[in-house]
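**Q** What follows is a single structure, and I will ask about it in a moment.
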Amino acid sequence: MNNNKLCNLVSKTVNQLLGEIQHVIKTSILDNSVGVAFSGGVDSTLIAKLLHDAGYDIHLLTIGFHDSHDINFAKEVNEILKFKHNILEIEPKSFQETSEKIHDIITVSYTHLRAHETLRYLVCRLLLE
């Protein structure tokens with residue numbers, strides 16, 4: 001396969017994938033205002049940009065420890081995007097306390113499930129602020 005044919009095939013595939021993603025967004029997100037869990041990485045940046053381009057009101061949500069790579073990188077990427085950006089900086093002590101309270105309420109045997117529920121709580125807290 002020559003370079004021209006390969007470029008055309010890649011371009012066609014990328015456009016088809018983009019069309020599918022845009023279709024899923026339009027058919028599954030019914031509210032105009034959307035919160036995006038945002039790390040500044042490729043996945044969350046792509047989703048935020050596609051939602052914005054589709055006319056949604058985007059609110060980026062970032063949670064992390066003070067001066068962490070995740071928070072700093074998310075801020076840096078959003079300097080380019082310029083979307084609304086809410087950041088919740090958590091302290092290690094309060095994170096541990098919150099995790100323990102959630103564990104007392106929701107007894108699970110897997111550590112990753114407790115961490116998941118703690119993160120869900122923190123996202124809800126960020127949304128309420």
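Following the order of the structure tokens, first chain is A, next is B, and so on, with residues numbered from 1 inside each chain and ligands from 1 in the order they appear.
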For region 21-33 of chain A, find every residue with an atom within 6 Å (counting only C-alpha atoms), except residues of its own chain fewer than 3 positions away, and show them as JSON, numbers by chain.
**A** {"A": [18, 56, 57]}
**Q** Please produce a file of the residues just selected, as a compact mmCIF listing (two decimals), in the first residue's frame, where the atoms kept are all heavy atoms.
**A**
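Result file follows (out.txt):
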# COMPACT_ATOMS: atom_id res chain seq x y z
N LEU A 18 -14.64 9.74 14.69
CA LEU A 18 -15.10 11.03 15.19
C LEU A 18 -16.62 11.15 15.04
O LEU A 18 -17.31 11.59 15.96
CB LEU A 18 -14.40 12.17 14.45
CG LEU A 18 -14.83 13.59 14.83
CD1 LEU A 18 -14.57 13.86 16.31
CD2 LEU A 18 -14.09 14.60 13.97
N TYR A 56 -22.12 22.20 24.09
CA TYR A 56 -22.40 22.00 25.51
C TYR A 56 -21.64 23.02 26.34
O TYR A 56 -20.56 23.48 25.98
CB TYR A 56 -22.00 20.58 25.94
CG TYR A 56 -22.87 19.51 25.36
CD1 TYR A 56 -22.55 18.92 24.14
CD2 TYR A 56 -24.03 19.10 26.00
CE1 TYR A 56 -23.35 17.94 23.58
CE2 TYR A 56 -24.84 18.11 25.45
CZ TYR A 56 -24.49 17.54 24.25
OH TYR A 56 -25.29 16.57 23.69
N ASP A 57 -22.24 23.38 27.49
CA ASP A 57 -21.60 24.25 28.47
C ASP A 57 -20.74 23.35 29.36
O ASP A 57 -21.26 22.55 30.12
CB ASP A 57 -22.68 24.96 29.29
CG ASP A 57 -22.11 25.92 30.30
OD1 ASP A 57 -20.99 26.41 30.10
OD2 ASP A 57 -22.80 26.18 31.31
**Q** Rounded to one decimal, what separation in Å do you get between CA of Thr45 (chain A) and CA of Tyr121 (chain A)?
**A** 22.8 Å
**Q** Enumerate as a VMD selection string all residues of chain A assigned to alpha helix (DSSP H) by DSSP on the backbone, naming them with the chain letters and numbers the document uses.
**A** chain A and resid 3 to 28 42 to 53 69 to 81 92 to 105 111 to 128
**Q** As a ChimeraX atom specification, list the residues of region 17-129 of chain A assigned to strand (DSSP E) by DSSP on the backbone atoms of this structure.
**A** /A:33-37,57-65,84-90
**Q** Could you write out that same residue set with all heavy atoms as a short mmCIF file (atom, residue, chain, number, x, y, z; two decimals), in the first residue's frame?
**A**
data_model
loop_
_atom_site.label_atom_id
_atom_site.label_comp_id
_atom_site.auth_asym_id
_atom_site.auth_seq_id
_atom_site.Cartn_x
_atom_site.Cartn_y
_atom_site.Cartn_z
N SER A 33 -25.55 21.50 30.21
CA SER A 33 -24.42 21.74 31.08
C SER A 33 -23.81 20.40 31.49
O SER A 33 -24.51 19.52 32.00
CB SER A 33 -24.87 22.51 32.32
OG SER A 33 -23.78 22.82 33.13
N VAL A 34 -22.49 20.24 31.25
CA VAL A 34 -21.85 18.96 31.47
C VAL A 34 -20.56 19.13 32.29
O VAL A 34 -19.73 19.99 31.98
CB VAL A 34 -21.49 18.29 30.12
CG1 VAL A 34 -20.80 16.96 30.33
CG2 VAL A 34 -22.72 18.13 29.25
N GLY A 35 -20.42 18.29 33.33
CA GLY A 35 -19.18 18.25 34.09
C GLY A 35 -18.30 17.15 33.53
O GLY A 35 -18.77 16.05 33.25
N VAL A 36 -17.03 17.46 33.36
CA VAL A 36 -16.07 16.49 32.83
C VAL A 36 -14.97 16.29 33.87
O VAL A 36 -14.29 17.25 34.24
CB VAL A 36 -15.45 16.98 31.51
CG1 VAL A 36 -14.40 16.01 31.00
CG2 VAL A 36 -16.52 17.20 30.45
N ALA A 37 -14.82 15.06 34.35
CA ALA A 37 -13.70 14.74 35.23
C ALA A 37 -12.43 14.96 34.42
O ALA A 37 -12.22 14.30 33.40
CB ALA A 37 -13.80 13.30 35.73
N ASP A 57 -22.24 23.38 27.49
CA ASP A 57 -21.60 24.25 28.47
C ASP A 57 -20.74 23.35 29.36
O ASP A 57 -21.26 22.55 30.12
CB ASP A 57 -22.68 24.96 29.29
CG ASP A 57 -22.11 25.92 30.30
OD1 ASP A 57 -20.99 26.41 30.10
OD2 ASP A 57 -22.80 26.18 31.31
N ILE A 58 -19.42 23.47 29.25
CA ILE A 58 -18.48 22.55 29.88
C ILE A 58 -17.99 23.10 31.20
O ILE A 58 -17.62 24.27 31.32
CB ILE A 58 -17.26 22.32 28.96
CG1 ILE A 58 -17.70 21.80 27.61
CG2 ILE A 58 -16.24 21.39 29.60
CD1 ILE A 58 -18.49 20.55 27.66
N HIS A 59 -17.96 22.23 32.20
CA HIS A 59 -17.37 22.54 33.51
C HIS A 59 -16.35 21.44 33.80
O HIS A 59 -16.73 20.28 34.00
CB HIS A 59 -18.43 22.55 34.62
CG HIS A 59 -19.49 23.56 34.41
ND1 HIS A 59 -19.46 24.81 34.99
CD2 HIS A 59 -20.61 23.53 33.65
CE1 HIS A 59 -20.53 25.49 34.62
NE2 HIS A 59 -21.23 24.73 33.80
N LEU A 60 -15.09 21.79 33.78
CA LEU A 60 -14.04 20.82 34.08
C LEU A 60 -13.95 20.64 35.59
O LEU A 60 -14.02 21.61 36.34
CB LEU A 60 -12.70 21.30 33.53
CG LEU A 60 -12.65 21.62 32.04
CD1 LEU A 60 -11.26 22.10 31.64
CD2 LEU A 60 -13.07 20.42 31.21
N LEU A 61 -13.79 19.40 36.03
CA LEU A 61 -13.72 19.08 37.45
C LEU A 61 -12.43 18.30 37.71
O LEU A 61 -12.22 17.23 37.14
CB LEU A 61 -14.92 18.23 37.85
CG LEU A 61 -16.29 18.78 37.48
CD1 LEU A 61 -17.37 17.73 37.69
CD2 LEU A 61 -16.59 20.04 38.27
N THR A 62 -11.59 18.85 38.57
CA THR A 62 -10.31 18.22 38.89
C THR A 62 -10.20 18.08 40.41
O THR A 62 -10.46 19.03 41.13
CB THR A 62 -9.13 19.04 38.35
OG1 THR A 62 -9.27 19.18 36.94
CG2 THR A 62 -7.81 18.38 38.68
N ILE A 63 -9.82 16.90 40.85
CA ILE A 63 -9.62 16.62 42.27
C ILE A 63 -8.22 16.06 42.45
O ILE A 63 -7.80 15.19 41.69
CB ILE A 63 -10.66 15.61 42.78
CG1 ILE A 63 -12.07 16.16 42.62
CG2 ILE A 63 -10.40 15.25 44.24
CD1 ILE A 63 -13.16 15.16 42.91
N GLY A 64 -7.53 16.55 43.46
CA GLY A 64 -6.20 16.02 43.74
C GLY A 64 -5.60 16.66 44.96
O GLY A 64 -6.18 17.57 45.56
N PHE A 65 -4.45 16.18 45.32
CA PHE A 65 -3.73 16.76 46.46
C PHE A 65 -3.06 18.06 46.04
O PHE A 65 -2.73 18.25 44.86
CB PHE A 65 -2.70 15.76 47.00
CG PHE A 65 -3.33 14.53 47.57
CD1 PHE A 65 -3.23 13.32 46.92
CD2 PHE A 65 -4.05 14.58 48.76
CE1 PHE A 65 -3.81 12.17 47.45
CE2 PHE A 65 -4.64 13.45 49.30
CZ PHE A 65 -4.52 12.25 48.63
N LYS A 84 -14.55 26.63 31.94
CA LYS A 84 -14.77 26.76 33.38
C LYS A 84 -14.11 25.57 34.05
O LYS A 84 -14.24 24.44 33.58
CB LYS A 84 -16.26 26.77 33.70
CG LYS A 84 -16.99 27.96 33.16
CD LYS A 84 -18.48 27.80 33.40
CE LYS A 84 -19.25 28.67 32.43
NZ LYS A 84 -20.62 28.24 32.27
N HIS A 85 -13.41 25.83 35.15
CA HIS A 85 -12.62 24.76 35.76
C HIS A 85 -12.73 24.85 37.28
O HIS A 85 -12.29 25.82 37.88
CB HIS A 85 -11.16 24.88 35.33
CG HIS A 85 -10.33 23.70 35.65
ND1 HIS A 85 -8.97 23.71 35.50
CD2 HIS A 85 -10.63 22.47 36.11
CE1 HIS A 85 -8.47 22.54 35.85
NE2 HIS A 85 -9.47 21.77 36.22
N ASN A 86 -13.32 23.84 37.87
CA ASN A 86 -13.43 23.75 39.32
C ASN A 86 -12.41 22.73 39.81
O ASN A 86 -12.35 21.63 39.29
CB ASN A 86 -14.83 23.34 39.74
CG ASN A 86 -15.86 24.35 39.33
OD1 ASN A 86 -16.25 24.39 38.17
ND2 ASN A 86 -16.26 25.20 40.25
N ILE A 87 -11.65 23.14 40.83
CA ILE A 87 -10.60 22.27 41.37
C ILE A 87 -10.84 22.10 42.86
O ILE A 87 -11.07 23.07 43.58
CB ILE A 87 -9.21 22.89 41.13
CG1 ILE A 87 -8.95 23.04 39.63
CG2 ILE A 87 -8.13 22.05 41.81
CD1 ILE A 87 -7.72 23.84 39.29
N LEU A 88 -10.81 20.86 43.29
CA LEU A 88 -10.90 20.55 44.72
C LEU A 88 -9.55 19.98 45.14
O LEU A 88 -9.15 18.90 44.71
CB LEU A 88 -12.01 19.52 44.99
CG LEU A 88 -12.13 19.05 46.43
CD1 LEU A 88 -12.47 20.21 47.36
CD2 LEU A 88 -13.20 17.96 46.54
N GLU A 89 -8.84 20.76 45.96
CA GLU A 89 -7.56 20.30 46.50
C GLU A 89 -7.83 19.65 47.85
O GLU A 89 -8.39 20.28 48.73
CB GLU A 89 -6.58 21.46 46.64
CG GLU A 89 -6.12 22.00 45.32
CD GLU A 89 -5.03 23.05 45.43
OE1 GLU A 89 -4.53 23.28 46.55
OE2 GLU A 89 -4.68 23.62 44.40
N ILE A 90 -7.45 18.41 47.98
CA ILE A 90 -7.72 17.69 49.21
C ILE A 90 -6.42 17.48 49.99
O ILE A 90 -5.36 17.36 49.40
CB ILE A 90 -8.41 16.33 48.94
CG1 ILE A 90 -7.61 15.51 47.92
CG2 ILE A 90 -9.83 16.53 48.47
CD1 ILE A 90 -8.18 14.14 47.64
#
**Q** Distance CA of Ala74 (chain A)-CA of Ser39 (chain A), one decimal place?
**A**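 Computed distance, CA of Ala74 (chain A) to CA of Ser39 (chain A), equals 5.1 Å.
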